[in-house]
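Shown next: structure_16.cif, given as mmCIF, C-alpha atoms.
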```cif
data_input
#
loop_
_atom_site.label_atom_id
_atom_site.label_comp_id
_atom_site.auth_asym_id
_atom_site.auth_seq_id
_atom_site.Cartn_x
_atom_site.Cartn_y
_atom_site.Cartn_z
CA MET A 1 207.62 41.47 227.11
CA LYS A 2 211.39 41.77 226.72
CA LYS A 3 211.42 39.04 224.06
CA VAL A 4 208.69 40.85 222.08
CA PHE A 5 210.70 44.10 222.00
CA GLU A 6 213.84 42.20 221.00
CA LEU A 7 211.97 40.42 218.21
CA THR A 8 210.39 43.67 216.97
CA ASN A 9 213.70 45.52 216.99
CA ARG A 10 215.47 42.62 215.28
CA TYR A 11 212.82 42.51 212.53
CA ILE A 12 212.29 46.26 212.29
CA ILE A 13 211.97 45.65 208.53
CA LEU A 14 208.34 44.84 209.37
CA GLY A 15 207.70 48.56 209.65
CA THR A 16 208.57 49.21 206.00
CA PRO A 17 205.51 47.58 204.36
CA LEU A 18 203.28 49.06 207.07
CA ILE A 19 204.48 52.62 206.44
CA LEU A 20 204.37 52.21 202.65
CA PHE A 21 200.84 50.83 202.74
CA SER A 22 199.70 53.66 205.01
CA LEU A 23 201.16 56.28 202.65
CA LEU A 24 199.82 54.65 199.48
CA SER A 25 196.35 54.06 200.93
CA THR A 26 196.15 57.67 202.15
CA ILE A 27 197.06 58.96 198.68
CA TYR A 28 194.68 56.50 197.00
CA LEU A 29 191.74 57.47 199.21
CA ALA A 30 192.43 61.17 198.75
CA VAL A 31 192.50 60.81 194.97
CA SER A 32 189.47 58.47 194.89
CA ALA A 33 187.26 60.61 197.12
CA ARG A 34 185.57 62.27 194.15
CA GLY A 35 183.37 61.37 191.23
CA THR A 36 180.07 59.55 191.01
CA VAL A 37 178.65 57.04 193.46
CA ILE A 38 179.67 54.17 191.16
CA HIS A 39 183.25 55.46 191.04
CA LEU A 40 183.33 55.70 194.83
CA LEU A 41 181.92 52.19 195.16
CA ILE A 42 184.58 50.80 192.82
CA ALA A 43 187.26 52.71 194.76
CA ILE A 44 186.04 51.21 198.06
CA ILE A 45 186.04 47.68 196.61
CA LEU A 46 189.56 48.14 195.22
CA PHE A 47 190.72 49.50 198.57
CA GLY A 48 189.28 46.42 200.27
CA LEU A 49 191.23 44.18 197.88
CA MET A 50 194.39 46.20 198.51
CA THR A 51 193.91 45.90 202.27
CA ALA A 52 193.37 42.14 202.02
CA ALA A 53 196.56 41.75 199.96
CA PHE A 54 198.53 43.82 202.45
CA ALA A 55 197.15 41.94 205.48
CA ALA A 56 197.92 38.59 203.84
CA GLY A 57 201.53 39.51 203.08
CA TRP A 58 202.34 41.51 206.19
CA PHE A 59 200.89 39.16 208.78
CA ASN A 60 202.64 36.27 207.04
CA MET A 61 205.86 38.19 207.70
CA VAL A 62 204.85 38.64 211.35
CA LYS A 63 204.07 34.92 211.63
CA ASN A 64 207.44 33.92 210.15
CA ALA A 65 209.26 36.39 212.39
CA VAL A 66 207.77 34.56 215.39
CA LEU A 67 208.51 31.11 213.93
CA GLU A 68 212.09 32.05 212.95
CA PRO A 69 213.38 34.42 215.65
CA ASP A 70 217.05 33.67 214.85
CA ARG A 71 217.03 34.05 211.08
CA GLU A 72 220.51 35.07 209.89
CA ASP A 73 219.45 37.58 207.25
CA VAL A 74 216.73 39.57 208.99
CA ASN A 75 216.03 41.64 205.87
CA SER A 76 215.12 38.45 203.98
CA LEU A 77 211.82 38.55 205.90
CA ILE A 78 210.56 40.99 203.25
CA LYS A 79 210.66 38.11 200.75
CA ASP A 80 207.86 36.40 202.73
CA PHE A 81 205.41 39.15 201.80
CA THR A 82 204.58 37.95 198.27
CA PRO A 83 204.12 34.25 199.20
CA GLY A 84 201.85 35.43 202.02
CA VAL A 85 199.64 37.30 199.56
CA GLY A 86 199.31 34.16 197.44
CA GLU A 87 198.57 31.91 200.42
CA TYR A 88 196.34 34.11 202.57
CA PHE A 89 194.67 36.58 200.20
CA LEU A 90 191.24 34.89 200.17
CA SER A 91 191.47 34.25 203.91
CA SER A 92 192.23 37.93 204.55
CA LEU A 93 189.40 38.99 202.27
CA GLY A 94 186.99 36.83 204.24
CA MET A 95 188.45 38.16 207.48
CA ILE A 96 187.79 41.77 206.43
CA PHE A 97 184.19 40.88 205.57
CA ASN A 98 183.73 39.15 208.93
CA VAL A 99 185.25 42.06 210.86
CA MET A 100 182.96 44.54 209.10
CA LEU A 101 179.93 42.33 209.78
CA ILE A 102 180.83 41.79 213.45
CA SER A 103 181.51 45.51 213.95
CA LEU A 104 178.15 46.37 212.39
CA LEU A 105 176.32 43.89 214.64
CA VAL A 106 178.08 45.24 217.75
CA LEU A 107 177.19 48.81 216.73
CA ILE A 108 173.53 47.91 216.12
CA ILE A 109 173.23 46.10 219.46
CA ALA A 110 174.94 48.99 221.28
CA SER A 111 172.61 51.50 219.59
CA LEU A 112 169.51 49.51 220.56
CA LEU A 113 170.71 49.23 224.16
CA GLY A 114 171.54 52.93 224.20
CA MET A 115 168.10 53.97 222.99
CA ARG A 116 166.45 51.71 225.59
CA ILE A 117 168.69 52.51 228.58
CA ILE A 118 170.02 56.04 227.91
CA GLY A 119 167.45 57.49 225.56
CA ASN A 120 167.57 59.93 222.66
CA PRO A 121 169.45 63.20 223.44
CA ASN A 122 167.30 64.89 220.75
CA ILE A 123 170.17 66.37 218.76
CA SER A 124 169.88 66.64 214.99
CA ILE A 125 172.65 65.28 212.76
CA GLU A 126 172.81 68.61 210.92
CA ALA A 127 173.44 70.52 214.16
CA LEU A 128 176.07 68.03 215.26
CA ASN A 129 177.89 68.20 211.92
CA ALA A 130 177.90 71.99 212.04
CA ALA A 131 179.18 71.94 215.63
CA VAL A 132 182.27 69.83 214.97
CA GLN A 133 183.55 72.05 212.17
CA THR A 134 185.61 74.27 214.50
CA PRO A 135 186.46 74.31 218.24
CA GLU A 136 184.54 77.58 218.61
CA SER A 137 181.35 76.20 217.05
CA LEU A 138 181.63 73.12 219.28
CA LYS A 139 181.85 75.30 222.41
CA VAL A 140 178.77 77.27 221.35
CA PHE A 141 176.90 74.06 220.57
CA LEU A 142 177.72 72.46 223.94
CA ALA A 143 176.75 75.65 225.78
CA SER A 144 173.32 75.54 224.11
CA LEU A 145 172.54 72.04 225.40
CA SER A 146 170.62 71.29 228.56
CA LYS A 147 172.17 69.40 231.49
CA GLU A 148 170.09 66.34 230.64
CA GLN A 149 171.31 66.36 227.04
CA LEU A 150 174.96 66.67 228.16
CA VAL A 151 174.54 63.71 230.52
CA LYS A 152 173.03 61.60 227.75
CA ILE A 153 175.81 62.55 225.31
CA ASN A 154 178.46 61.52 227.85
CA LEU A 155 176.68 58.23 228.49
CA TRP A 156 176.43 57.59 224.75
CA ASN A 157 180.18 58.27 224.41
CA ILE A 158 180.92 55.77 227.19
CA LEU A 159 178.60 53.19 225.63
CA LEU A 160 180.11 53.51 222.15
CA LEU A 161 183.67 53.42 223.53
CA GLY A 162 182.77 50.27 225.47
CA ALA A 163 181.21 48.71 222.37
CA MET A 164 184.32 49.53 220.33
CA ALA A 165 186.58 48.04 223.02
CA PHE A 166 184.43 44.89 223.20
CA ASN A 167 184.56 44.57 219.42
CA TYR A 168 188.36 44.82 219.40
CA PHE A 169 188.62 42.37 222.30
CA ILE A 170 186.62 39.53 220.72
CA GLU A 171 188.75 39.91 217.58
CA MET A 172 192.12 40.08 219.35
CA LEU A 173 193.13 36.47 218.62
CA TYR A 174 191.36 36.27 215.26
CA LEU A 175 194.38 36.96 213.04
CA PRO A 176 196.88 34.68 214.82
CA ALA A 177 194.26 31.90 214.80
CA MET A 178 193.85 32.33 211.05
CA PHE A 179 197.59 32.36 210.33
CA PHE A 180 198.56 29.60 212.75
CA LYS A 181 195.57 27.26 212.82
CA SER A 182 192.97 27.63 210.07
CA LYS A 183 192.97 29.51 206.78
CA ASN A 184 189.17 29.42 206.80
CA PRO A 185 188.29 32.93 208.08
CA PHE A 186 184.97 31.77 209.56
CA ILE A 187 186.43 28.81 211.43
CA ALA A 188 189.44 30.89 212.53
CA PHE A 189 187.17 33.45 214.20
CA PHE A 190 185.53 30.82 216.40
CA ILE A 191 188.89 29.19 217.18
CA GLY A 192 190.22 32.60 218.24
CA LEU A 193 187.08 33.22 220.28
CA LYS A 194 187.40 29.82 221.99
CA ASP A 195 191.05 30.52 222.85
CA LEU A 196 190.14 34.01 224.04
CA PHE A 197 187.62 32.68 226.57
CA SER A 198 189.82 29.78 227.65
CA ARG A 199 191.57 29.32 231.00
CA LYS A 200 193.87 32.17 230.01
CA PHE A 201 190.95 34.59 229.78
CA PHE A 202 192.26 37.02 232.41
CA THR A 203 195.73 37.01 230.85
CA ASN A 204 194.15 37.72 227.47
CA LEU A 205 192.09 40.52 229.03
CA GLY A 206 195.18 42.03 230.69
CA ILE A 207 197.08 42.05 227.39
CA PHE A 208 194.14 43.66 225.62
CA ILE A 209 193.76 46.38 228.28
CA LEU A 210 197.48 47.18 228.05
CA LEU A 211 197.35 47.45 224.25
CA PHE A 212 194.12 49.46 224.30
CA VAL A 213 195.45 51.95 226.87
CA VAL A 214 198.77 52.49 225.06
CA TYR A 215 197.03 52.94 221.71
CA SER A 216 194.53 55.38 223.26
CA VAL A 217 197.32 57.45 224.81
CA ILE A 218 199.21 57.65 221.50
CA SER A 219 196.00 58.62 219.65
CA ILE A 220 195.12 61.32 222.19
CA LEU A 221 198.63 62.78 222.09
CA SER A 222 198.61 62.75 218.27
CA ALA A 223 195.33 64.68 218.25
CA ALA A 224 196.58 67.11 220.92
CA PHE A 225 199.83 67.90 219.08
CA ILE A 226 198.46 67.86 215.54
CA ARG A 227 199.57 71.49 215.05
CA SER A 228 203.16 70.70 216.08
CA THR A 229 204.78 69.14 213.02
CA ILE A 230 207.82 67.65 214.76
CA ILE A 231 205.96 66.18 217.76
CA HIS A 232 203.17 64.88 215.54
CA PHE A 233 205.76 63.23 213.25
CA VAL A 234 207.46 61.56 216.24
CA LEU A 235 204.09 60.32 217.53
CA THR A 236 203.24 58.98 214.06
CA LEU A 237 206.47 56.95 214.06
CA ALA A 238 205.66 55.80 217.60
CA ASN A 239 202.26 54.67 216.37
CA PHE A 240 203.80 52.62 213.54
CA TYR A 241 206.24 51.05 216.00
CA PHE A 242 203.42 50.29 218.43
CA VAL A 243 201.30 48.59 215.74
CA THR A 244 204.29 46.48 214.69
CA CYS A 245 205.23 45.62 218.26
CA ALA A 246 201.62 44.84 219.23
CA SER A 247 201.19 42.54 216.20
CA VAL A 248 204.44 40.70 216.91
CA GLY A 249 203.49 40.50 220.60
CA VAL A 250 200.02 39.04 220.02
CA PHE A 251 201.35 36.50 217.47
CA TYR A 252 204.25 35.58 219.78
CA TYR A 253 201.91 35.18 222.77
CA TYR A 254 199.41 33.14 220.75
CA HIS A 255 202.07 30.85 219.32
CA ASN A 256 203.62 30.13 222.71
CA ASN A 257 200.34 29.65 224.58
CA PHE A 258 197.88 28.24 222.05
CA VAL A 259 199.97 26.62 219.30
CA LYS A 260 203.16 25.07 220.72
CA PRO A 261 201.43 23.36 223.68
CA GLN A 262 198.97 21.71 221.27
CA ILE A 263 201.47 20.44 218.67
CA GLY A 264 201.12 16.66 218.44
CA GLN A 265 197.68 16.67 220.05
CA ASN A 266 195.69 17.30 216.84
CA ILE A 267 193.79 20.20 218.47
CA ASP A 268 193.01 23.08 216.11
CA THR A 269 196.68 23.24 215.16
CA ARG A 270 198.26 24.06 211.81
CA VAL A 271 201.61 25.82 211.59
#
```
Could you write out this file's structure as structure tokens?
Amino acid sequence: MKKVFELTNRYIILGTPLILFSLLSTIYLAVSARGTVIHLLIAIILFGLMTAAFAAGWFNMVKNAVLEPDREDVNSLIKDFTPGVGEYFLSSLGMIFNVMLISLLVLIIASLLGMRIIGNPNISIEALNAAVQTPESLKVFLASLSKEQLVKINLWNILLLGAMAFNYFIEMLYLPAMFFKSKNPFIAFFIGLKDLFSRKFFTNLGIFILLFVVYSVISILSAAFIRSTIIHFVLTLANFYFVTCASVGVFYYYHNNFVKPQIGQNIDTRV
């Protein structure tokens, strides 16, 4: 843990592309969220390509930060962004497609299980959309529901949260597997899955729970203090730092536990 913080702080330059991409993507989506369906479709496709380019460049920087922890010029790490885009763009594009497909499958399975086990709370989408417009309308909406409906809503929330956590968990080692072992995004997913459910399963699970809890706390605090500009700004910076630190940590952990021990054994290894 100490080494991960030291590495993150040493290569704090990693936060620059992350912040810039977040700002540019927010502006792009805000500007693109208008026009015809075709325009929106083109905007979504272009955003996907932008995200793939960013992921390819940024995670290549993270990988090289782990491989070269004692680089003299730490700011030179930014030069690894462009080569990463050239080397991993198609891999990242395939990864995004796979993540979307896996997430959709998990959501469908969770919905089918929910309908069979929990049941339909009998709430219309229109009523739900109207309820979440303001805190007051949400209170009125919840007060109008029966006890049985409230129980079902809570169970659905737990089910969907569990499905989301499971989805994140099975993809936790996907990126490091792709950047350290196989550029093929389909093969990399199964390599990451195999390593996830290896002898280090409980260690992997513990790391995931820690990351998931910290991220959830930051997200809840950000939502709670959204009206406080200063606190919300500090929490936003904390979120960027957490994402950087978590990425470095997962790559560092994966390299030390699933790459270095296998070098020379010809087992799923490519550095």
(request) Work out how far apart atom CA of Tyr215 of chain A and atom CA of Asn239 of chain A are and give it in Å to one decimal. (result)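 Separation of atom CA of Tyr215 of chain A and atom CA of Asn239 of chain A: 7.7 Å.
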(request) Mind checking which residues fall within 7 Å of Phe251 of chain A, counting only C-alpha atoms, ignoring those fewer than 4 positions away in the same chain, and posting them as an MDAnalysis selection string? (result) chainID A and resid 63 176 247 255
(message) Running the PyMOL selection byres ((chain A and resi 8-13) around 7) on this model by hand, what would come out? Give it as a count of residues only.
(response) 11
(request) Could you check how far atom CA of Gly114 of chain A sits from atom CA of Ala131 of chain A, in Å to one decimal? (result)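 Between atom CA of Gly114 of chain A and atom CA of Ala131 of chain A the gap is 22.2 Å.
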(request) Rounded to one decimal place, report the atom CA of Met50 of chain A-atom CA of Leu175 of chain A distance in Å. (result)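 Interatomic distance here is 17.2 Å.
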Missing atoms of segment 164-175 of chain A rebuilt to all heavy atoms, written as a compact mmCIF listing (two decimals), in the coordinates of the input:
```txt
# COMPACT_ATOMS: atom_id res chain seq x y z
N MET A 164 183.14 49.60 221.18
CA MET A 164 184.32 49.53 220.33
C MET A 164 185.38 48.65 220.98
O MET A 164 186.01 47.81 220.32
CB MET A 164 184.87 50.93 220.07
CG MET A 164 186.11 50.96 219.20
SD MET A 164 186.74 52.64 218.94
CE MET A 164 187.31 53.03 220.61
N ALA A 165 185.59 48.84 222.30
CA ALA A 165 186.58 48.04 223.02
C ALA A 165 186.19 46.56 223.02
O ALA A 165 187.03 45.68 222.81
CB ALA A 165 186.72 48.54 224.46
N PHE A 166 184.91 46.28 223.22
CA PHE A 166 184.43 44.89 223.20
C PHE A 166 184.64 44.27 221.83
O PHE A 166 185.06 43.11 221.71
CB PHE A 166 182.95 44.84 223.58
CG PHE A 166 182.33 43.48 223.45
CD1 PHE A 166 182.57 42.50 224.41
CD2 PHE A 166 181.51 43.17 222.37
CE1 PHE A 166 182.02 41.24 224.29
CE2 PHE A 166 180.95 41.91 222.25
CZ PHE A 166 181.20 40.94 223.21
N ASN A 167 184.38 45.05 220.79
CA ASN A 167 184.56 44.57 219.42
C ASN A 167 186.02 44.21 219.16
O ASN A 167 186.33 43.15 218.60
CB ASN A 167 184.09 45.65 218.44
CG ASN A 167 184.20 45.22 216.99
OD1 ASN A 167 183.84 44.10 216.64
ND2 ASN A 167 184.73 46.09 216.15
N TYR A 168 186.93 45.09 219.58
CA TYR A 168 188.36 44.82 219.40
C TYR A 168 188.78 43.59 220.21
O TYR A 168 189.60 42.79 219.76
CB TYR A 168 189.20 46.03 219.83
CG TYR A 168 189.09 47.22 218.92
CD1 TYR A 168 189.42 48.50 219.37
CD2 TYR A 168 188.67 47.09 217.60
CE1 TYR A 168 189.33 49.61 218.53
CE2 TYR A 168 188.57 48.19 216.76
CZ TYR A 168 188.91 49.45 217.24
OH TYR A 168 188.82 50.54 216.41
N PHE A 169 188.22 43.46 221.41
CA PHE A 169 188.62 42.37 222.30
C PHE A 169 188.26 41.01 221.72
O PHE A 169 189.09 40.09 221.71
CB PHE A 169 187.95 42.55 223.67
CG PHE A 169 188.27 41.44 224.64
CD1 PHE A 169 189.58 41.19 225.01
CD2 PHE A 169 187.26 40.66 225.17
CE1 PHE A 169 189.89 40.16 225.91
CE2 PHE A 169 187.54 39.64 226.07
CZ PHE A 169 188.86 39.39 226.44
N ILE A 170 187.03 40.85 221.23
CA ILE A 170 186.62 39.53 220.72
C ILE A 170 187.35 39.17 219.42
O ILE A 170 187.35 38.01 219.00
CB ILE A 170 185.10 39.46 220.49
CG1 ILE A 170 184.63 40.47 219.44
CG2 ILE A 170 184.35 39.64 221.81
CD1 ILE A 170 183.15 40.35 219.10
N GLU A 171 188.00 40.17 218.80
CA GLU A 171 188.75 39.91 217.58
C GLU A 171 190.26 39.86 217.80
O GLU A 171 191.03 39.71 216.85
CB GLU A 171 188.42 41.00 216.54
CG GLU A 171 186.97 41.01 216.07
CD GLU A 171 186.60 42.25 215.30
OE1 GLU A 171 187.46 43.14 215.18
OE2 GLU A 171 185.46 42.33 214.81
N MET A 172 190.70 39.95 219.05
CA MET A 172 192.12 40.08 219.35
C MET A 172 192.94 38.88 218.86
O MET A 172 194.04 39.03 218.32
CB MET A 172 192.34 40.26 220.85
CG MET A 172 193.79 40.53 221.23
SD MET A 172 194.05 40.85 222.99
CE MET A 172 193.98 39.17 223.64
N LEU A 173 192.40 37.67 219.01
CA LEU A 173 193.13 36.47 218.62
C LEU A 173 192.69 35.93 217.25
O LEU A 173 193.08 34.82 216.87
CB LEU A 173 192.96 35.39 219.68
CG LEU A 173 193.45 35.76 221.09
CD1 LEU A 173 193.26 34.59 222.04
CD2 LEU A 173 194.90 36.21 221.08
N TYR A 174 191.89 36.71 216.55
CA TYR A 174 191.36 36.27 215.26
C TYR A 174 192.47 36.05 214.24
O TYR A 174 192.59 34.97 213.63
CB TYR A 174 190.36 37.33 214.76
CG TYR A 174 189.58 36.95 213.51
CD1 TYR A 174 189.70 35.71 212.91
CD2 TYR A 174 188.70 37.86 212.92
CE1 TYR A 174 188.98 35.37 211.77
CE2 TYR A 174 187.96 37.54 211.79
CZ TYR A 174 188.12 36.30 211.22
OH TYR A 174 187.41 35.97 210.10
N LEU A 175 193.32 37.06 214.05
CA LEU A 175 194.38 36.96 213.04
C LEU A 175 195.39 35.86 213.35
O LEU A 175 195.71 35.06 212.46
CB LEU A 175 195.07 38.31 212.89
CG LEU A 175 194.36 39.30 211.96
CD1 LEU A 175 194.95 40.69 212.12
CD2 LEU A 175 194.47 38.85 210.51
```
